[in-house]
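Okay, run.txt now, which holds compact mmCIF, C-alpha atoms:
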# COMPACT_ATOMS: atom_id res chain seq x y z
CA MET A 1 127.18 100.38 -31.87
CA SER A 2 128.85 97.17 -32.83
CA ALA A 3 126.04 96.45 -35.25
CA SER A 4 126.60 99.72 -37.02
CA LEU A 5 130.35 99.08 -37.05
CA PHE A 6 130.06 95.70 -38.67
CA ALA A 7 127.13 96.67 -40.83
CA ALA A 8 129.57 98.44 -43.13
CA MET A 9 131.00 95.06 -44.11
CA GLU A 10 127.69 93.92 -45.53
CA LEU A 11 128.05 96.19 -48.54
CA HIS A 12 131.30 94.55 -49.60
CA VAL A 13 129.79 91.17 -50.41
CA SER A 14 129.34 90.79 -54.14
CA ILE A 15 129.34 87.73 -56.39
CA SER A 16 131.07 89.50 -59.22
CA SER A 17 134.31 91.45 -59.01
CA GLN A 18 133.87 95.21 -59.31
CA PRO A 19 135.68 97.50 -61.74
CA VAL A 20 138.00 99.95 -60.02
CA PHE A 21 138.83 101.89 -63.20
CA HIS A 22 138.75 101.43 -66.98
CA LEU A 23 141.73 101.09 -69.27
CA TRP A 24 140.92 101.54 -72.97
CA SER A 25 137.29 100.77 -72.19
CA ILE A 26 138.33 97.49 -70.54
CA PRO A 27 137.28 97.36 -66.89
CA VAL A 28 140.14 96.73 -64.47
CA THR A 29 138.49 94.92 -61.57
CA ASN A 30 139.60 94.67 -57.97
CA ALA A 31 140.11 90.90 -58.47
CA MET A 32 142.49 91.66 -61.34
CA LEU A 33 144.51 93.99 -59.13
CA THR A 34 144.77 91.32 -56.44
CA GLY A 35 145.57 88.82 -59.16
CA LEU A 36 148.42 91.07 -60.30
CA VAL A 37 149.76 91.05 -56.76
CA GLY A 38 149.34 87.24 -56.71
CA VAL A 39 151.19 86.87 -60.02
CA ILE A 40 154.03 89.09 -58.76
CA ILE A 41 154.29 87.06 -55.53
CA THR A 42 154.18 83.75 -57.43
CA LEU A 43 156.79 84.92 -59.93
CA ALA A 44 158.98 86.37 -57.20
CA ILE A 45 158.90 83.21 -55.08
CA LEU A 46 159.50 80.78 -57.93
CA TRP A 47 162.07 83.04 -59.64
CA TYR A 48 163.94 83.41 -56.36
CA VAL A 49 163.86 79.66 -55.70
CA GLY A 50 164.80 78.83 -59.30
CA GLY A 51 167.74 81.24 -59.15
CA LYS A 52 168.95 79.84 -55.85
CA VAL A 53 168.69 76.27 -57.14
CA LYS A 54 170.49 77.27 -60.33
CA ARG A 55 173.38 78.70 -58.28
CA GLY A 56 173.28 75.79 -55.84
CA LYS A 57 172.58 78.02 -52.85
CA TYR A 58 169.97 76.64 -50.52
CA ASN A 59 168.14 77.87 -47.46
CA ARG A 60 165.05 76.74 -45.56
CA PHE A 61 162.60 78.62 -47.76
CA VAL A 62 164.17 77.25 -50.95
CA GLY A 63 164.08 73.80 -49.38
CA LEU A 64 160.40 74.20 -48.53
CA VAL A 65 159.41 75.28 -52.05
CA GLN A 66 161.59 72.56 -53.53
CA TRP A 67 159.96 70.01 -51.25
CA VAL A 68 156.52 71.11 -52.44
CA PHE A 69 157.66 71.08 -56.07
CA GLU A 70 159.15 67.61 -55.69
CA GLY A 71 155.90 66.36 -54.12
CA LEU A 72 153.90 67.81 -57.01
CA LEU A 73 156.29 66.26 -59.53
CA LYS A 74 155.92 62.88 -57.84
CA GLN A 75 152.13 63.22 -58.02
CA ILE A 76 152.38 64.08 -61.72
CA ASN A 77 154.55 61.03 -62.40
CA ASP A 78 152.20 58.80 -60.40
CA ILE A 79 149.06 59.96 -62.21
CA ILE A 80 150.55 60.21 -65.73
CA PRO A 81 152.66 57.13 -66.48
CA ASP A 82 154.08 58.56 -69.72
CA LYS A 83 157.23 60.43 -68.62
CA LYS A 84 157.32 62.75 -71.63
CA LEU A 85 153.69 63.77 -71.25
CA ALA A 86 154.21 64.22 -67.51
CA ARG A 87 157.09 66.60 -68.20
CA LYS A 88 155.04 68.53 -70.74
CA ILE A 89 152.06 69.00 -68.44
CA THR A 90 154.24 69.90 -65.42
CA PRO A 91 154.54 73.70 -66.05
CA LEU A 92 150.76 74.12 -66.43
CA ALA A 93 149.80 71.89 -63.49
CA VAL A 94 152.40 73.32 -61.10
CA THR A 95 151.60 76.92 -62.09
CA ILE A 96 147.90 76.22 -61.49
CA PHE A 97 148.75 74.88 -58.04
CA PHE A 98 150.90 77.85 -57.00
CA MET A 99 148.60 80.48 -58.54
CA VAL A 100 145.47 79.06 -56.93
CA LEU A 101 147.24 78.57 -53.60
CA ILE A 102 148.72 82.06 -53.42
CA ASN A 103 145.60 83.82 -54.69
CA TYR A 104 143.37 81.85 -52.34
CA TRP A 105 145.64 82.66 -49.42
CA LEU A 106 145.57 86.33 -50.43
CA SER A 107 141.81 86.27 -49.81
CA VAL A 108 142.53 85.41 -46.20
CA VAL A 109 144.72 88.47 -45.65
CA PRO A 110 142.86 90.53 -43.02
CA GLY A 111 141.58 93.89 -44.24
CA LEU A 112 141.95 92.94 -47.90
CA GLU A 113 138.68 94.59 -48.86
CA SER A 114 138.88 97.45 -46.40
CA ILE A 115 140.82 99.66 -48.84
CA THR A 116 138.16 101.29 -51.00
CA TRP A 117 138.23 103.74 -53.89
CA ASN A 118 134.97 105.43 -54.87
CA GLY A 119 133.21 102.97 -52.56
CA VAL A 120 134.69 99.95 -54.36
CA PRO A 121 137.20 97.68 -52.56
CA VAL A 122 140.51 97.98 -54.39
CA LEU A 123 141.52 94.41 -53.64
CA ARG A 124 139.41 91.25 -53.87
CA SER A 125 140.51 87.62 -54.03
CA LEU A 126 141.17 86.47 -57.59
CA ALA A 127 140.05 82.96 -56.66
CA ALA A 128 136.61 84.44 -55.90
CA ASP A 129 136.37 85.88 -59.42
CA LEU A 130 134.64 83.53 -61.84
CA ASN A 131 136.62 85.02 -64.75
CA PHE A 132 139.81 83.62 -63.27
CA THR A 133 138.45 80.18 -62.32
CA LEU A 134 136.74 79.89 -65.70
CA ALA A 135 139.98 80.92 -67.43
CA LEU A 136 141.85 78.16 -65.59
CA ALA A 137 139.12 75.64 -66.46
CA VAL A 138 139.16 76.67 -70.15
CA ILE A 139 142.96 76.39 -70.27
CA THR A 140 142.85 72.97 -68.60
CA ILE A 141 140.13 71.56 -70.85
CA VAL A 142 141.72 72.95 -74.04
CA THR A 143 145.13 71.60 -73.02
CA VAL A 144 143.62 68.20 -72.26
CA GLN A 145 141.94 68.16 -75.68
CA MET A 146 145.20 69.17 -77.37
CA TYR A 147 147.07 66.30 -75.76
CA ALA A 148 144.20 63.90 -76.51
CA ILE A 149 144.35 64.89 -80.21
CA LYS A 150 148.13 64.57 -80.19
CA TYR A 151 148.07 61.10 -78.63
CA LEU A 152 144.88 59.64 -80.14
CA GLY A 153 144.66 61.67 -83.34
CA ALA A 154 141.83 64.02 -84.30
CA PHE A 155 139.59 61.16 -85.38
CA GLY A 156 140.61 58.99 -82.46
CA ASN A 157 139.74 61.75 -80.04
CA GLY A 158 136.52 62.52 -81.90
CA GLY A 159 135.68 58.82 -81.72
CA ARG A 160 135.50 59.15 -77.98
CA TYR A 161 132.43 61.34 -78.36
CA PHE A 162 130.87 60.56 -81.73
CA ARG A 163 130.12 56.95 -82.66
CA ASN A 164 127.78 55.40 -85.17
CA PRO A 165 124.45 54.98 -83.36
CA ILE A 166 123.38 52.16 -85.72
CA LYS A 167 126.50 50.05 -85.25
CA ASP A 168 127.04 50.87 -81.60
CA PRO A 169 123.96 52.43 -80.01
CA ILE A 170 125.22 52.05 -76.43
CA GLY A 171 128.67 53.38 -77.38
CA SER A 172 127.01 56.29 -79.16
CA PHE A 173 125.06 57.16 -76.03
CA GLU A 174 128.22 56.72 -73.98
CA GLY A 175 129.98 59.15 -76.34
CA ILE A 176 127.29 61.77 -75.83
CA LEU A 177 127.65 61.31 -72.07
CA GLU A 178 131.40 61.68 -72.48
CA LEU A 179 130.92 64.94 -74.38
CA ILE A 180 128.56 66.26 -71.72
CA GLY A 181 131.08 65.07 -69.15
CA GLU A 182 133.84 67.15 -70.75
CA PHE A 183 131.74 70.32 -70.46
CA SER A 184 130.59 69.48 -66.96
CA ARG A 185 134.19 68.85 -65.91
CA GLY A 186 135.19 72.31 -67.08
CA VAL A 187 132.21 73.97 -65.45
CA ALA A 188 132.75 71.99 -62.25
CA LEU A 189 136.43 72.98 -62.17
CA ALA A 190 135.52 76.65 -62.45
CA LEU A 191 132.57 76.63 -60.08
CA ARG A 192 134.24 74.46 -57.42
CA LEU A 193 137.13 76.86 -56.93
CA PHE A 194 134.96 79.96 -57.24
CA GLY A 195 132.33 78.55 -54.87
CA ASN A 196 134.88 77.64 -52.22
CA ALA A 197 136.74 80.94 -52.40
CA PHE A 198 133.58 83.02 -52.45
CA ALA A 199 131.95 80.97 -49.69
CA GLY A 200 135.15 81.33 -47.67
CA GLU A 201 135.00 85.10 -47.97
CA VAL A 202 131.31 85.16 -47.05
CA LEU A 203 131.99 82.80 -44.14
CA LEU A 204 134.65 85.14 -42.76
CA ILE A 205 132.27 88.11 -43.06
CA VAL A 206 129.42 86.15 -41.43
CA ILE A 207 131.66 85.12 -38.55
CA ALA A 208 132.91 88.71 -38.19
CA VAL A 209 129.37 90.07 -38.10
CA LEU A 210 128.00 87.37 -35.80
CA THR A 211 130.86 87.46 -33.30
CA SER A 212 131.23 91.24 -33.35
CA TYR A 213 134.17 92.20 -31.07
CA LEU A 214 134.79 88.53 -30.29
CA SER A 215 135.79 88.11 -33.94
CA ALA A 216 139.34 89.06 -32.97
CA VAL A 217 139.43 85.80 -31.01
CA VAL A 218 137.22 83.63 -33.21
CA LEU A 219 138.34 84.70 -36.69
CA PRO A 220 141.95 83.37 -36.52
CA ALA A 221 140.61 79.81 -36.31
CA PHE A 222 138.47 80.39 -39.41
CA LEU A 223 141.38 82.10 -41.17
CA ALA A 224 143.53 79.06 -40.49
CA PHE A 225 140.69 76.87 -41.77
CA GLU A 226 140.53 78.97 -44.94
CA LEU A 227 144.29 78.58 -45.43
CA PHE A 228 143.80 74.83 -45.25
CA ILE A 229 140.85 74.99 -47.67
CA GLY A 230 143.02 77.09 -50.00
CA PHE A 231 145.66 74.36 -50.04
CA ILE A 232 143.01 71.68 -50.62
CA GLN A 233 141.46 73.63 -53.51
CA ALA A 234 144.83 74.23 -55.15
CA TYR A 235 145.69 70.56 -54.80
CA VAL A 236 142.28 69.43 -56.10
CA PHE A 237 142.54 71.68 -59.17
CA PHE A 238 146.09 70.43 -59.78
CA VAL A 239 145.15 66.74 -59.43
CA LEU A 240 141.99 67.07 -61.55
CA CYS A 241 144.03 68.72 -64.31
CA LEU A 242 146.34 65.69 -64.28
CA ILE A 243 143.55 63.12 -64.07
CA PHE A 244 141.66 64.68 -66.99
CA THR A 245 144.87 64.65 -69.04
CA SER A 246 145.60 61.05 -68.08
CA LEU A 247 142.04 59.95 -68.94
CA ALA A 248 142.07 61.80 -72.25
CA VAL A 249 145.23 60.12 -73.53
CA SER A 250 144.26 56.64 -72.29
CA HIS A 251 142.88 53.88 -74.47
CA HIS A 252 139.14 53.59 -74.27
CA GLY A 253 138.70 50.16 -75.76
CA PRO A 254 137.55 46.86 -74.32
CA SER A 255 141.01 46.45 -72.78
CA PRO A 256 141.23 47.53 -69.15
CA ASP A 257 144.64 49.03 -69.95
CA HIS A 258 144.62 52.76 -69.22
CA SER A 259 148.19 53.46 -70.16
CA PRO A 260 148.66 56.44 -72.46
CA ALA A 261 148.36 55.78 -76.14
CA PRO A 262 151.58 56.37 -78.05
CA ALA A 263 151.72 59.74 -79.77
CA LYS A 264 150.81 59.87 -83.45
CA LYS A 265 154.29 61.01 -84.38
CA LYS A 266 155.75 57.94 -82.71
CA LYS A 267 153.34 55.77 -84.66
CA ALA A 268 154.44 57.42 -87.89
CA VAL A 269 158.08 56.87 -87.07
CA GLY A 270 157.35 53.24 -86.16
CA ARG A 271 155.60 52.64 -89.48
CA ALA A 272 158.40 54.32 -91.43
CA MET B 1 121.03 89.07 -42.20
CA SER B 2 120.72 91.95 -44.61
CA PHE B 3 124.02 91.07 -46.32
CA ILE B 4 122.57 87.74 -47.43
CA ASN B 5 119.63 89.57 -48.88
CA TYR B 6 122.14 91.78 -50.62
CA ILE B 7 123.81 88.78 -52.21
CA ALA B 8 120.49 87.38 -53.27
CA GLU B 9 119.45 90.68 -54.72
CA THR B 10 122.76 91.09 -56.54
CA ALA B 11 122.41 87.66 -58.06
CA ALA B 12 118.73 87.87 -58.82
CA ALA B 13 118.56 91.31 -60.41
CA PRO B 14 120.63 90.63 -63.58
CA GLU B 15 119.17 87.16 -63.85
CA ALA B 16 115.75 88.72 -64.05
CA SER B 17 116.96 90.73 -66.98
CA GLY B 18 118.34 87.52 -68.55
CA ASP B 19 122.05 88.37 -68.18
CA VAL B 20 123.28 85.38 -66.12
CA PHE B 21 126.92 85.86 -67.11
CA SER B 22 126.93 89.44 -65.87
CA ALA B 23 125.30 88.31 -62.64
CA LEU B 24 128.17 85.90 -62.11
CA GLY B 25 130.64 88.59 -63.12
CA ILE B 26 131.78 86.85 -66.31
CA ASP B 27 133.15 89.30 -68.84
CA TRP B 28 134.53 87.71 -72.03
CA ARG B 29 137.18 90.39 -72.41
CA LEU B 30 138.44 89.82 -68.87
CA LEU B 31 138.25 86.08 -69.37
CA ILE B 32 140.45 86.25 -72.49
CA LEU B 33 142.82 88.68 -70.79
CA GLN B 34 143.22 86.35 -67.82
CA ILE B 35 143.75 83.34 -70.09
CA ILE B 36 146.51 85.21 -71.96
CA ALA B 37 148.08 86.46 -68.71
CA PHE B 38 148.05 82.98 -67.20
CA LEU B 39 149.55 81.42 -70.34
CA ILE B 40 152.33 84.05 -70.28
CA LEU B 41 152.98 83.17 -66.65
CA VAL B 42 153.09 79.45 -67.49
CA PHE B 43 155.45 80.17 -70.38
CA LEU B 44 157.81 82.30 -68.25
CA LEU B 45 157.92 79.81 -65.41
CA GLY B 46 158.15 76.86 -67.78
CA LYS B 47 161.03 78.49 -69.65
CA PHE B 48 163.10 80.01 -66.86
CA VAL B 49 162.20 78.43 -63.51
CA TYR B 50 160.84 74.89 -63.73
CA PRO B 51 163.73 73.47 -65.82
CA TRP B 52 166.14 74.25 -62.99
CA LEU B 53 163.87 72.78 -60.36
CA MET B 54 163.23 69.69 -62.48
CA LYS B 55 166.93 69.31 -63.22
CA GLN B 56 167.67 69.42 -59.51
CA VAL B 57 164.96 66.84 -58.80
CA ASP B 58 166.31 64.63 -61.60
CA GLU B 59 169.84 64.92 -60.26
CA ARG B 60 168.65 64.02 -56.78
CA GLN B 61 166.65 61.10 -58.20
CA THR B 62 169.71 59.94 -60.14
CA ALA B 63 171.85 60.20 -57.00
CA ILE B 64 169.26 58.24 -55.01
CA GLU B 65 169.08 55.56 -57.71
CA ALA B 66 172.89 55.39 -57.85
CA ALA B 67 173.06 55.10 -54.07
CA ALA B 68 170.37 52.42 -54.10
CA LYS B 69 172.26 50.56 -56.83
CA ALA B 70 175.51 50.85 -54.86
CA ALA B 71 173.73 49.63 -51.75
CA THR B 72 172.32 46.65 -53.67
CA GLU B 73 175.75 45.87 -55.07
CA ALA B 74 177.32 46.20 -51.61
CA GLN B 75 174.64 43.91 -50.23
CA ALA B 76 175.31 41.38 -52.99
CA SER B 77 179.05 41.67 -52.36
CA ALA B 78 178.51 41.20 -48.63
CA ALA B 79 176.35 38.15 -49.29
CA GLU B 80 179.03 36.79 -51.62
CA SER B 81 181.72 37.42 -48.99
CA GLN B 82 179.52 35.73 -46.41
CA GLN B 83 179.20 32.72 -48.69
CA GLU B 84 182.97 32.68 -49.21
CA VAL B 85 183.56 32.92 -45.48
CA GLU B 86 181.08 30.11 -44.88
CA ALA B 87 182.78 27.99 -47.55
CA LEU B 88 186.19 28.68 -45.98
CA MET B 89 184.83 27.91 -42.54
CA HIS B 90 183.32 24.68 -43.82
CA GLU B 91 186.63 23.73 -45.43
CA ALA B 92 188.53 24.63 -42.27
CA ARG B 93 186.14 22.57 -40.17
CA THR B 94 186.53 19.61 -42.54
CA GLN B 95 190.31 19.90 -42.44
CA ALA B 96 190.30 20.20 -38.66
CA ALA B 97 188.07 17.13 -38.39
CA GLU B 98 190.43 15.24 -40.71
CA ILE B 99 193.45 16.33 -38.64
CA VAL B 100 191.74 15.29 -35.42
CA ASP B 101 190.78 11.91 -36.92
CA THR B 102 194.33 11.38 -38.18
CA ALA B 103 195.75 12.35 -34.80
CA LYS B 104 193.39 9.99 -33.04
CA LEU B 105 194.33 7.19 -35.45
CA GLU B 106 198.03 7.85 -35.02
CA ALA B 107 197.64 8.02 -31.25
CA THR B 108 195.79 4.69 -31.28
CA GLN B 109 198.47 3.20 -33.49
CA MET B 110 201.22 4.57 -31.27
CA LEU B 111 199.47 3.21 -28.21
CA SER B 112 199.07 -0.19 -29.82
CA ALA B 113 202.71 -0.18 -30.89
CA SER B 114 203.81 0.81 -27.40
CA GLU B 115 201.70 -1.89 -25.86
CA GLU B 116 203.09 -4.42 -28.29
CA LYS B 117 206.63 -3.30 -27.63
CA ALA B 118 206.07 -3.41 -23.88
CA ARG B 119 204.52 -6.83 -24.16
CA SER B 120 207.40 -8.18 -26.24
CA THR B 121 209.93 -6.62 -23.91
CA ALA B 122 208.15 -8.13 -20.94
CA GLU B 123 208.06 -11.52 -22.64
CA LYS B 124 211.73 -11.24 -23.51
CA ILE B 125 212.59 -10.31 -19.94
CA ALA B 126 210.45 -13.18 -18.67
CA ALA B 127 212.14 -15.61 -21.08
CA GLU B 128 215.60 -14.48 -20.06
CA ALA B 129 214.63 -14.76 -16.44
CA ARG B 130 213.29 -18.22 -17.06
CA ILE B 131 216.57 -19.24 -18.74
CA GLU B 132 218.49 -17.77 -15.84
CA VAL B 133 216.35 -19.68 -13.39
CA GLU B 134 216.79 -22.89 -15.37
CA LYS B 135 220.54 -22.32 -15.48
CA SER B 136 220.55 -21.67 -11.75
CA ILE B 137 218.53 -24.83 -11.18
CA GLU B 138 220.93 -26.76 -13.40
CA ASN B 139 223.92 -25.39 -11.54
CA ALA B 140 222.25 -26.09 -8.23
CA LYS B 141 221.48 -29.65 -9.34
CA ARG B 142 225.06 -30.12 -10.47
CA GLU B 143 226.43 -28.78 -7.24
CA LEU B 144 223.99 -30.91 -5.31
CA HIS B 145 225.06 -33.91 -7.34
CA ASP B 146 228.70 -33.24 -6.65
CA GLU B 147 228.10 -32.67 -2.98
CA THR B 148 225.99 -35.79 -2.82
CA LEU B 149 228.78 -37.77 -4.38
CA GLU B 150 231.21 -36.37 -1.89
CA LEU B 151 228.89 -37.11 1.01
CA ILE B 152 228.30 -40.59 -0.22
CA ALA B 153 232.02 -41.05 -0.57
CA LEU B 154 232.60 -39.88 2.93
CA ALA B 155 229.82 -42.06 4.23
CA THR B 156 231.09 -45.09 2.42
CA GLU B 157 234.62 -44.48 3.66
CA LYS B 158 233.39 -44.39 7.19
CA VAL B 159 231.39 -47.60 6.67
CA ILE B 160 234.09 -49.59 5.08
CA HIS B 161 236.95 -47.81 6.82
CA THR B 162 238.84 -47.94 3.81
CA LYS B 163 240.34 -45.15 2.09
CA LEU B 164 239.49 -45.46 -1.50
CA ASP B 165 241.23 -43.58 -4.12
CA LYS B 166 239.35 -41.23 -6.16
CA LYS B 167 238.99 -43.48 -9.11
CA ALA B 168 237.71 -46.45 -7.16
CA ASP B 169 235.42 -44.23 -5.21
CA ALA B 170 233.86 -42.85 -8.28
CA ALA B 171 233.40 -46.31 -9.68
CA LEU B 172 231.67 -47.50 -6.55
CA ILE B 173 229.35 -44.54 -6.42
CA ALA B 174 228.47 -44.85 -10.00
CA ALA B 175 227.67 -48.54 -9.47
CA ALA B 176 225.56 -47.68 -6.46
CA LEU B 177 223.65 -45.02 -8.26
CA LYS B 178 223.08 -47.32 -11.10
CA GLU B 179 221.57 -49.84 -8.79
CA THR B 180 219.32 -47.28 -7.13
CA LYS B 181 217.98 -46.21 -10.47

Kindly present the structure from the file in structure tokens form.
Amino acid sequence: MSASLFAAMELHVSISSQPVFHLWSIPVTNAMLTGLVGVIITLAILWYVGGKVKRGKYNRFVGLVQWVFEGLLKQINDIIPDKKLARKITPLAVTIFFMVLINYWLSVVPGLESITWNGVPVLRSLAADLNFTLALAVITIVTVQMYAIKYLGAFGNGGRYFRNPIKDPIGSFEGILELIGEFSRGVALALRLFGNAFAGEVLLIVIAVLTSYLSAVVLPAFLAFELFIGFIQAYVFFVLCLIFTSLAVSHHGPSPDHSPAPAKKKKAVGRA
Amino acid sequence: MSFINYIAETAAAPEASGDVFSALGIDWRLLILQIIAFLILVFLLGKFVYPWLMKQVDERQTAIEAAAKAATEAQASAAESQQEVEALMHEARTQAAEIVDTAKLEATQMLSASEEKARSTAEKIAAEARIEVEKSIENAKRELHDETLELIALATEKVIHTKLDKKADAALIAAALKETK
């Protein structure tokens, strides 16, 4: 009997998110619906905290979020030495952290996929949707390239990848590796988060199926583990975003100095 | 383990038809939509929420730096005060040592002066006593001399049974004494 009870869960495992309905021929997937909930929660939390801080009214929850924000800001300043660049990248990096964290944690909510409509679960973790993780990776890589162009110049940034193979054959090969590295970084960013979130969901289903009625006792430990993994994934995505930015704006010459190159505008002002 | 087979089948079926992106659930329209939605979220938070949080963190950082600076200044001031106190203590100790040395010197001088005064007083007393004794001896000698003269006069009177007047008696005694000398 238990096998038949838990057998129903098997049908809910799917790599891709499933469309619940279509809006102007665009499929609205269950991951998008959960993502909408995640965005609303993220906005609500940060808007509430921001408003409280603005008015100078504090409570424990505001203190907790502020503590997390301050920790993230410290990390940003530690990884990116240039204060101005650190401030510019802060909104993206911090939003990535909170969005990934909240959406990953939403995947742990018990019974998330039990609400179905036409046999399709209405809610599914956004972190387990490759569209979302790929979107974050694309945004990160494009932002990194934008800052690299701003700090090194279009030719300077291009010089990181394309060098004269006759004058500098090793450097040319290194440039190609760098170019491949940029793509692999983006793909790795997307697949790492997706893989962890999806594997987490599958793990929870496997444990539920294997432990049957004992899952009520066993699952909480795995849920807690998934919460921890969610935090780790959010933090890893956040830190990698910063490290890629820091690497992109650093000098890549013979000097071991990895401090950010001055922005082109600053150079122009200096010359003037 | 049928659910695992289900996953494998789900993944393998579109791949067989060559549509890897569909197998992974990647839809370019959804991807672009999510990019736009996320950028809007970043913009909203970056415009209306993070500035306040960052301002608060900056203010706290400024307050911490100011407190650290004040603490450093207070430490420097305390060290300076400590040095001043040590200098004052050193000066006080030097002055005290000088006062003690001066007091010892004065005490020694006073003691020497007292001893000298006592010695001179004692010598003076001894000298006066000596003079007194010499005077007493002189007086005693004179009295003895006079008494001797009288005794001799009496003795001579008895021997010669003659009463001599004072003038003749004195002349006889003087002649006798002269002979004895």

- Message: Counting all atoms listed in the file, a student should be able to say which residues of chain B come within 9 Å of chain A; what is the right answer, written as a count of residues only?
- Response: 40

- Using all atoms listed in the file, find the one residue out of A:Leu152, A:Ile232, A:Ala127, A:Ile170 that sits nearest to Val100 of chain A.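 Going through A:Leu152, A:Ile232, A:Ala127, A:Ile170 one by one, the smallest distance to Val100 of chain A is for A:Ala127.
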
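With atom CA of Leu33 of chain A on one side and atom CA of Pro110 of chain A on the other, the separation reads 16.6 Å.
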
- Item | Nearby residues, (143.8, 67.2, -64.4) file frame, 10 Å, only C-alpha atoms, as a list of chain:residue names | A:Ile76, A:Ile79, A:Ile80, A:Ile89, A:Ala93, A:Ala137, A:Thr140, A:Ile141, A:Thr143, A:Val144, A:Arg185, A:Leu189, A:Val236, A:Phe237, A:Phe238, A:Val239, A:Leu240, A:Cys241, A:Leu242, A:Ile243, A:Phe244, A:Thr245, A:Ser246, A:Leu247, A:Ala248

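Note that the spacing between atom CA of Pro19 of chain A and atom CA of Arg192 of chain A amounts to 23.5 Å.
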
- How many Å separate atom CA of Gly158 of chain A from atom CA of Glu174 of chain A?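 Separating atom CA of Gly158 of chain A from atom CA of Glu174 of chain A is a distance of 12.9 Å.
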
8 Å contact set for Ser172 of chain A, all atoms listed in the file, chain neighbours under 3 positions out, as a PDB file with C-alpha atoms, in the frame of the given file:
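Saved as around-v6.pdb:
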ATOM      1  CA  TYR A 161     132.430  61.340 -78.360  1.00  0.00           C
ATOM      2  CA  PHE A 162     130.870  60.560 -81.730  1.00  0.00           C
ATOM      3  CA  ARG A 163     130.120  56.950 -82.660  1.00  0.00           C
ATOM      4  CA  ASN A 164     127.780  55.400 -85.170  1.00  0.00           C
ATOM      5  CA  PRO A 165     124.450  54.980 -83.360  1.00  0.00           C
ATOM      6  CA  ASP A 168     127.040  50.870 -81.600  1.00  0.00           C
ATOM      7  CA  PRO A 169     123.960  52.430 -80.010  1.00  0.00           C
ATOM      8  CA  GLY A 175     129.980  59.150 -76.340  1.00  0.00           C
ATOM      9  CA  ILE A 176     127.290  61.770 -75.830  1.00  0.00           C
TER      10      ILE A 176
END

N, CA and C atoms are needed for segment 144-157 of chain B; please write them out as a tab-separated table (two decimals), in the frame of the given file.
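Below is the file selection_20.tsv, written as the result:
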chain	number	residue	atom	x	y	z
B	144	LEU	N	224.60	-29.93	-6.23
B	144	LEU	CA	223.99	-30.91	-5.31
B	144	LEU	C	224.50	-32.32	-5.62
B	145	HIS	N	224.58	-32.58	-6.92
B	145	HIS	CA	225.06	-33.91	-7.34
B	145	HIS	C	226.49	-34.14	-6.85
B	146	ASP	N	227.29	-33.10	-7.06
B	146	ASP	CA	228.70	-33.24	-6.65
B	146	ASP	C	228.80	-33.41	-5.13
B	147	GLU	N	228.06	-32.59	-4.44
B	147	GLU	CA	228.10	-32.67	-2.98
B	147	GLU	C	227.59	-34.03	-2.49
B	148	THR	N	226.55	-34.48	-3.17
B	148	THR	CA	225.99	-35.79	-2.82
B	148	THR	C	227.04	-36.87	-3.02
B	149	LEU	N	227.75	-36.77	-4.09
B	149	LEU	CA	228.78	-37.77	-4.38
B	149	LEU	C	229.86	-37.74	-3.31
B	150	GLU	N	230.18	-36.49	-2.93
B	150	GLU	CA	231.21	-36.37	-1.89
B	150	GLU	C	230.71	-36.94	-0.55
B	151	LEU	N	229.47	-36.61	-0.26
B	151	LEU	CA	228.89	-37.11	1.01
B	151	LEU	C	228.84	-38.65	1.01
B	152	ILE	N	228.39	-39.13	-0.10
B	152	ILE	CA	228.30	-40.59	-0.22
B	152	ILE	C	229.69	-41.20	-0.06
B	153	ALA	N	230.65	-40.54	-0.63
B	153	ALA	CA	232.02	-41.05	-0.57
B	153	ALA	C	232.51	-41.06	0.86
B	154	LEU	N	232.21	-39.97	1.53
B	154	LEU	CA	232.60	-39.88	2.93
B	154	LEU	C	231.89	-40.94	3.77
B	155	ALA	N	230.58	-41.08	3.48
B	155	ALA	CA	229.82	-42.06	4.23
B	155	ALA	C	230.33	-43.48	3.97
B	156	THR	N	230.60	-43.77	2.81
B	156	THR	CA	231.09	-45.09	2.42
B	156	THR	C	232.45	-45.35	3.04
B	157	GLU	N	233.28	-44.35	3.08
B	157	GLU	CA	234.62	-44.48	3.66
B	157	GLU	C	234.51	-44.82	5.13
